[in-house]
file upload.tsv (TSV, N, CA and C atoms and all ligand atoms)
chain	number	residue	atom	x	y	z
N	1	MET	N	-188.99	50.50	-20.36
N	1	MET	CA	-188.68	49.79	-21.61
N	1	MET	C	-187.56	50.54	-22.33
N	2	THR	N	-186.54	49.82	-22.69
N	2	THR	CA	-185.38	50.42	-23.35
N	2	THR	C	-185.15	49.73	-24.68
N	3	SER	N	-184.89	50.49	-25.70
N	3	SER	CA	-184.63	49.91	-27.01
N	3	SER	C	-183.20	49.40	-27.10
N	4	ILE	N	-182.99	48.44	-28.00
N	4	ILE	CA	-181.64	47.89	-28.17
N	4	ILE	C	-180.74	48.88	-28.91
N	5	ASN	N	-181.35	49.80	-29.63
N	5	ASN	CA	-180.57	50.77	-30.40
N	5	ASN	C	-180.71	52.16	-29.78
N	6	GLN	N	-179.66	52.92	-29.87
N	6	GLN	CA	-179.69	54.29	-29.34
N	6	GLN	C	-180.09	55.31	-30.39
N	7	TYR	N	-179.91	54.93	-31.66
N	7	TYR	CA	-180.16	55.88	-32.74
N	7	TYR	C	-181.10	55.28	-33.78
N	8	CYS	N	-181.88	56.16	-34.38
N	8	CYS	CA	-182.81	55.74	-35.42
N	8	CYS	C	-182.03	55.16	-36.60
N	9	PRO	N	-182.46	54.00	-37.12
N	9	PRO	CA	-181.75	53.41	-38.27
N	9	PRO	C	-181.88	54.25	-39.53
N	10	ARG	N	-182.81	55.16	-39.57
N	10	ARG	CA	-183.03	55.97	-40.78
N	10	ARG	C	-182.32	57.31	-40.72
N	11	SER	N	-182.50	58.01	-39.64
N	11	SER	CA	-181.99	59.38	-39.56
N	11	SER	C	-180.70	59.49	-38.77
N	12	GLY	N	-180.42	58.50	-37.91
N	12	GLY	CA	-179.27	58.60	-37.03
N	12	GLY	C	-179.51	59.48	-35.83
N	13	LYS	N	-180.74	59.99	-35.69
N	13	LYS	CA	-181.08	60.82	-34.53
N	13	LYS	C	-181.37	59.93	-33.33
N	14	PRO	N	-181.26	60.48	-32.13
N	14	PRO	CA	-181.50	59.67	-30.93
N	14	PRO	C	-182.92	59.09	-30.90
N	15	VAL	N	-183.02	57.87	-30.39
N	15	VAL	CA	-184.30	57.22	-30.23
N	15	VAL	C	-185.14	57.96	-29.18
N	16	GLN	N	-186.42	58.11	-29.47
N	16	GLN	CA	-187.33	58.75	-28.53
N	16	GLN	C	-188.13	57.69	-27.78
N	17	SER	N	-188.37	57.93	-26.50
N	17	SER	CA	-189.01	56.92	-25.66
N	17	SER	C	-190.46	56.67	-26.05
N	18	ASP	N	-191.07	57.57	-26.82
N	18	ASP	CA	-192.45	57.34	-27.25
N	18	ASP	C	-192.52	56.72	-28.64
N	19	SER	N	-191.36	56.28	-29.17
N	19	SER	CA	-191.32	55.77	-30.54
N	19	SER	C	-190.69	54.39	-30.60
N	20	LEU	N	-191.14	53.53	-29.72
N	20	LEU	CA	-190.59	52.17	-29.63
N	20	LEU	C	-191.60	51.17	-30.20
N	21	THR	N	-191.07	50.03	-30.65
N	21	THR	CA	-191.93	48.94	-31.07
N	21	THR	C	-191.19	47.62	-30.85
N	22	GLN	N	-191.86	46.52	-31.13
N	22	GLN	CA	-191.25	45.21	-30.94
N	22	GLN	C	-190.84	44.64	-32.29
N	23	TYR	N	-189.64	44.07	-32.32
N	23	TYR	CA	-189.15	43.38	-33.51
N	23	TYR	C	-188.36	42.16	-33.05
N	24	ARG	N	-188.76	40.99	-33.54
N	24	ARG	CA	-188.12	39.74	-33.15
N	24	ARG	C	-188.06	39.58	-31.63
N	25	GLY	N	-189.06	40.08	-30.97
N	25	GLY	CA	-189.15	39.87	-29.53
N	25	GLY	C	-188.33	40.82	-28.70
N	26	VAL	N	-187.71	41.80	-29.33
N	26	VAL	CA	-186.95	42.80	-28.58
N	26	VAL	C	-187.51	44.19	-28.90
N	27	THR	N	-187.20	45.14	-28.04
N	27	THR	CA	-187.68	46.50	-28.23
N	27	THR	C	-186.70	47.29	-29.08
N	28	VAL	N	-187.22	47.87	-30.16
N	28	VAL	CA	-186.40	48.71	-31.03
N	28	VAL	C	-187.02	50.11	-31.07
N	29	GLY	N	-186.19	51.09	-31.34
N	29	GLY	CA	-186.67	52.47	-31.27
N	29	GLY	C	-186.36	53.27	-32.51
N	30	PHE	N	-187.13	54.35	-32.65
N	30	PHE	CA	-186.96	55.27	-33.78
N	30	PHE	C	-186.92	56.70	-33.26
N	31	CYS	N	-186.61	57.63	-34.17
N	31	CYS	CA	-186.48	59.03	-33.76
N	31	CYS	C	-187.82	59.72	-33.58
N	32	ASN	N	-188.85	59.15	-34.19
N	32	ASN	CA	-190.18	59.72	-33.97
N	32	ASN	C	-191.22	58.65	-34.28
N	33	ARG	N	-192.47	58.96	-33.92
N	33	ARG	CA	-193.51	57.95	-34.09
N	33	ARG	C	-193.82	57.68	-35.54
N	34	GLY	N	-193.55	58.64	-36.41
N	34	GLY	CA	-193.76	58.42	-37.85
N	34	GLY	C	-192.87	57.31	-38.37
N	35	CYS	N	-191.59	57.36	-38.02
N	35	CYS	CA	-190.65	56.30	-38.39
N	35	CYS	C	-191.12	54.96	-37.80
N	36	ARG	N	-191.45	54.99	-36.54
N	36	ARG	CA	-191.85	53.78	-35.85
N	36	ARG	C	-193.09	53.16	-36.49
N	37	ASP	N	-194.10	53.98	-36.74
N	37	ASP	CA	-195.35	53.46	-37.29
N	37	ASP	C	-195.13	52.92	-38.70
N	38	ASP	N	-194.29	53.59	-39.48
N	38	ASP	CA	-194.02	53.12	-40.83
N	38	ASP	C	-193.32	51.77	-40.79
N	39	PHE	N	-192.34	51.62	-39.92
N	39	PHE	CA	-191.64	50.34	-39.81
N	39	PHE	C	-192.60	49.25	-39.32
N	40	ALA	N	-193.35	49.55	-38.28
N	40	ALA	CA	-194.23	48.55	-37.69
N	40	ALA	C	-195.29	48.07	-38.68
N	41	ALA	N	-195.71	48.95	-39.57
N	41	ALA	CA	-196.75	48.61	-40.53
N	41	ALA	C	-196.19	47.95	-41.78
N	42	ASN	N	-194.87	48.06	-41.99
N	42	ASN	CA	-194.28	47.60	-43.25
N	42	ASN	C	-192.96	46.85	-43.03
N	43	ILE	N	-192.93	46.04	-41.99
N	43	ILE	CA	-191.67	45.39	-41.62
N	43	ILE	C	-191.08	44.61	-42.80
N	44	GLU	N	-191.94	43.91	-43.55
N	44	GLU	CA	-191.44	43.10	-44.66
N	44	GLU	C	-190.85	43.96	-45.77
N	45	GLN	N	-191.26	45.20	-45.85
N	45	GLN	CA	-190.79	46.08	-46.93
N	45	GLN	C	-189.65	47.00	-46.49
N	46	ARG	N	-189.09	46.75	-45.32
N	46	ARG	CA	-188.03	47.63	-44.81
N	46	ARG	C	-186.78	46.84	-44.46
N	47	PRO	N	-186.16	46.19	-45.49
N	47	PRO	CA	-185.01	45.33	-45.20
N	47	PRO	C	-183.83	46.09	-44.58
N	48	SER	N	-183.66	47.35	-44.93
N	48	SER	CA	-182.51	48.07	-44.37
N	48	SER	C	-182.70	48.32	-42.88
N	49	ASP	N	-183.94	48.60	-42.47
N	49	ASP	CA	-184.20	48.75	-41.04
N	49	ASP	C	-184.01	47.43	-40.32
N	50	ARG	N	-184.53	46.36	-40.93
N	50	ARG	CA	-184.40	45.05	-40.30
N	50	ARG	C	-182.94	44.66	-40.16
N	51	GLN	N	-182.15	44.94	-41.19
N	51	GLN	CA	-180.73	44.59	-41.14
N	51	GLN	C	-180.02	45.33	-40.01
N	52	TYR	N	-180.38	46.59	-39.85
N	52	TYR	CA	-179.79	47.40	-38.77
N	52	TYR	C	-180.06	46.75	-37.42
N	53	PHE	N	-181.32	46.34	-37.23
N	53	PHE	CA	-181.67	45.73	-35.94
N	53	PHE	C	-181.09	44.32	-35.83
N	54	ASP	N	-181.08	43.59	-36.95
N	54	ASP	CA	-180.55	42.22	-36.91
N	54	ASP	C	-179.09	42.21	-36.46
N	55	VAL	N	-178.32	43.20	-36.93
N	55	VAL	CA	-176.91	43.27	-36.53
N	55	VAL	C	-176.82	43.48	-35.02
N	56	LEU	N	-177.62	44.40	-34.50
N	56	LEU	CA	-177.57	44.67	-33.07
N	56	LEU	C	-178.03	43.45	-32.27
N	57	ILE	N	-179.07	42.80	-32.76
N	57	ILE	CA	-179.58	41.61	-32.07
N	57	ILE	C	-178.51	40.52	-32.06
N	58	LYS	N	-177.83	40.36	-33.18
N	58	LYS	CA	-176.79	39.34	-33.25
N	58	LYS	C	-175.63	39.69	-32.32
N	59	GLU	N	-175.23	40.95	-32.34
N	59	GLU	CA	-174.13	41.39	-31.47
N	59	GLU	C	-174.46	41.15	-30.01
N	60	GLN	N	-175.71	41.44	-29.67
N	60	GLN	CA	-176.10	41.38	-28.26
N	60	GLN	C	-176.68	40.01	-27.88
N	61	ASP	N	-176.88	39.16	-28.93
N	61	ASP	CA	-177.36	37.80	-28.70
N	61	ASP	C	-178.64	37.80	-27.87
N	62	ILE	N	-179.62	38.56	-28.32
N	62	ILE	CA	-180.84	38.74	-27.54
N	62	ILE	C	-182.10	38.36	-28.29
N	63	ALA	N	-181.96	37.73	-29.46
N	63	ALA	CA	-183.15	37.37	-30.20
N	63	ALA	C	-184.02	36.43	-29.39
N	64	ALA	N	-185.30	36.74	-29.34
N	64	ALA	CA	-186.22	35.93	-28.54
N	64	ALA	C	-186.93	34.87	-29.37
N	65	ASP	N	-186.85	35.03	-30.69
N	65	ASP	CA	-187.53	34.06	-31.54
N	65	ASP	C	-186.52	33.35	-32.43
N	66	ALA	N	-187.01	32.61	-33.39
N	66	ALA	CA	-186.12	31.80	-34.22
N	66	ALA	C	-186.30	32.12	-35.69
N	67	LEU	N	-186.49	33.39	-36.02
N	67	LEU	CA	-186.59	33.75	-37.41
N	67	LEU	C	-185.29	33.43	-38.13
N	68	PRO	N	-185.38	33.02	-39.39
N	68	PRO	CA	-184.16	32.71	-40.12
N	68	PRO	C	-183.23	33.91	-40.19
N	69	GLN	N	-181.94	33.66	-40.00
N	69	GLN	CA	-180.97	34.74	-40.02
N	69	GLN	C	-180.61	35.14	-41.45
N	70	ASP	N	-180.64	34.17	-42.36
N	70	ASP	CA	-180.16	34.42	-43.71
N	70	ASP	C	-181.31	34.70	-44.65
N	71	VAL	N	-181.83	35.90	-44.57
N	71	VAL	CA	-182.90	36.32	-45.47
N	71	VAL	C	-182.24	36.85	-46.74
N	72	THR	N	-182.45	36.14	-47.82
N	72	THR	CA	-181.86	36.59	-49.07
N	72	THR	C	-182.66	37.76	-49.63
N	73	SER	N	-181.97	38.77	-50.09
N	73	SER	CA	-182.66	39.97	-50.55
N	73	SER	C	-182.50	40.14	-52.05
Y	101	ZN	ZN	-186.30	58.04	-37.66

call {"tool": "encode", "arguments": {"input": "upload.tsv", "output": "structure tokens"}}
result
Amino acid sequence: MTSINQYCPRSGKPVQSDSLTQYRGVTVGFCNRGCRDDFAANIEQRPSDRQYFDVLIKEQDIAADALPQDVTS
């Protein structure tokens, strides 16, 4: 399993293979399990993390679901 991002959206540190989760049907990664667990438990409250992944998903055209792209913040 490989994440779409190479670096943690929060720290900029390399993604760790034990710190992956699913977002919009793709695998995303974090620098540690603390980051990952916090995001996974609070996806709705982490718009900056979501935006980071949304950009990558859009660039790579790999979204597996049909969540609205234009989430007003
Ligand atoms: Zn992190």

call {"tool": "residues_near_ligand", "arguments": {"input": "upload.tsv", "ligand": "ligand ZN 101 (chain Y)", "cutoff": "10 Å", "atoms": "only C-alpha atoms and all ligand atoms", "output": "ChimeraX atom specification"}}
result
/N:7-16,19,29-36,38-39

call {"tool": "write_last_selection", "arguments": {"input": "upload.tsv", "atoms": "N, CA and C atoms", "output": "CSV table (one decimal), keeping the file's coordinate frame"}}
result
chain,number,residue,atom,x,y,z
N,7,TYR,N,-179.9,54.9,-31.7
N,7,TYR,CA,-180.2,55.9,-32.7
N,7,TYR,C,-181.1,55.3,-33.8
N,8,CYS,N,-181.9,56.2,-34.4
N,8,CYS,CA,-182.8,55.7,-35.4
N,8,CYS,C,-182.0,55.2,-36.6
N,9,PRO,N,-182.5,54.0,-37.1
N,9,PRO,CA,-181.8,53.4,-38.3
N,9,PRO,C,-181.9,54.2,-39.5
N,10,ARG,N,-182.8,55.2,-39.6
N,10,ARG,CA,-183.0,56.0,-40.8
N,10,ARG,C,-182.3,57.3,-40.7
N,11,SER,N,-182.5,58.0,-39.6
N,11,SER,CA,-182.0,59.4,-39.6
N,11,SER,C,-180.7,59.5,-38.8
N,12,GLY,N,-180.4,58.5,-37.9
N,12,GLY,CA,-179.3,58.6,-37.0
N,12,GLY,C,-179.5,59.5,-35.8
N,13,LYS,N,-180.7,60.0,-35.7
N,13,LYS,CA,-181.1,60.8,-34.5
N,13,LYS,C,-181.4,59.9,-33.3
N,14,PRO,N,-181.3,60.5,-32.1
N,14,PRO,CA,-181.5,59.7,-30.9
N,14,PRO,C,-182.9,59.1,-30.9
N,15,VAL,N,-183.0,57.9,-30.4
N,15,VAL,CA,-184.3,57.2,-30.2
N,15,VAL,C,-185.1,58.0,-29.2
N,16,GLN,N,-186.4,58.1,-29.5
N,16,GLN,CA,-187.3,58.8,-28.5
N,16,GLN,C,-188.1,57.7,-27.8
N,19,SER,N,-191.4,56.3,-29.2
N,19,SER,CA,-191.3,55.8,-30.5
N,19,SER,C,-190.7,54.4,-30.6
N,29,GLY,N,-186.2,51.1,-31.3
N,29,GLY,CA,-186.7,52.5,-31.3
N,29,GLY,C,-186.4,53.3,-32.5
N,30,PHE,N,-187.1,54.4,-32.6
N,30,PHE,CA,-187.0,55.3,-33.8
N,30,PHE,C,-186.9,56.7,-33.3
N,31,CYS,N,-186.6,57.6,-34.2
N,31,CYS,CA,-186.5,59.0,-33.8
N,31,CYS,C,-187.8,59.7,-33.6
N,32,ASN,N,-188.8,59.2,-34.2
N,32,ASN,CA,-190.2,59.7,-34.0
N,32,ASN,C,-191.2,58.6,-34.3
N,33,ARG,N,-192.5,59.0,-33.9
N,33,ARG,CA,-193.5,58.0,-34.1
N,33,ARG,C,-193.8,57.7,-35.5
N,34,GLY,N,-193.6,58.6,-36.4
N,34,GLY,CA,-193.8,58.4,-37.8
N,34,GLY,C,-192.9,57.3,-38.4
N,35,CYS,N,-191.6,57.4,-38.0
N,35,CYS,CA,-190.6,56.3,-38.4
N,35,CYS,C,-191.1,55.0,-37.8
N,36,ARG,N,-191.4,55.0,-36.5
N,36,ARG,CA,-191.8,53.8,-35.8
N,36,ARG,C,-193.1,53.2,-36.5
N,38,ASP,N,-194.3,53.6,-39.5
N,38,ASP,CA,-194.0,53.1,-40.8
N,38,ASP,C,-193.3,51.8,-40.8
N,39,PHE,N,-192.3,51.6,-39.9
N,39,PHE,CA,-191.6,50.3,-39.8
N,39,PHE,C,-192.6,49.2,-39.3

call {"tool": "select_by_dssp", "arguments": {"input": "upload.tsv", "residues": "chain N", "states": "strand (DSSP E)", "output": "list in words"}}
result
Leu20, Thr21, Gln22, Tyr23, Val26, Thr27, Val28 and Gly29 of chain N

call {"tool": "closest_residue", "arguments": {"input": "upload.tsv", "among": "N:Asn42, N:Ser17, N:Val28, N:Asp37", "to": "Leu56 in chain N", "atoms": "only C-alpha atoms"}}
result
N:Val28

call {"tool": "select_by_dssp", "arguments": {"input": "upload.tsv", "residues": "chain N", "states": "alpha helix (DSSP H)", "output": "PyMOL selection string"}}
result
chain N and resi 33-41+47-60

call {"tool": "atom_distance", "arguments": {"input": "upload.tsv", "atom1": "CA of Leu20 in chain N", "atom2": "atom C of Tyr52 in chain N"}}
result
14.2 Å

call {"tool": "atom_distance", "arguments": {"input": "upload.tsv", "atom1": "CA of Val55 in chain N", "atom2": "CA of Asp18 in chain N"}}
result
22.9 Å

call {"tool": "atom_distance", "arguments": {"input": "upload.tsv", "atom1": "CA of Asp49 in chain N", "atom2": "CA of Gly25 in chain N"}}
result
15.4 Å

call {"tool": "axis_aligned_box", "arguments": {"input": "upload.tsv", "around": "range 19-29 of chain N", "padding_each_side": "3 Å", "output": "AutoDock Vina command-line options"}}
result
--center_x -189.1 --center_y 47.9 --center_z -30.8 --size_x 11.7 --size_y 22.7 --size_z 11.5
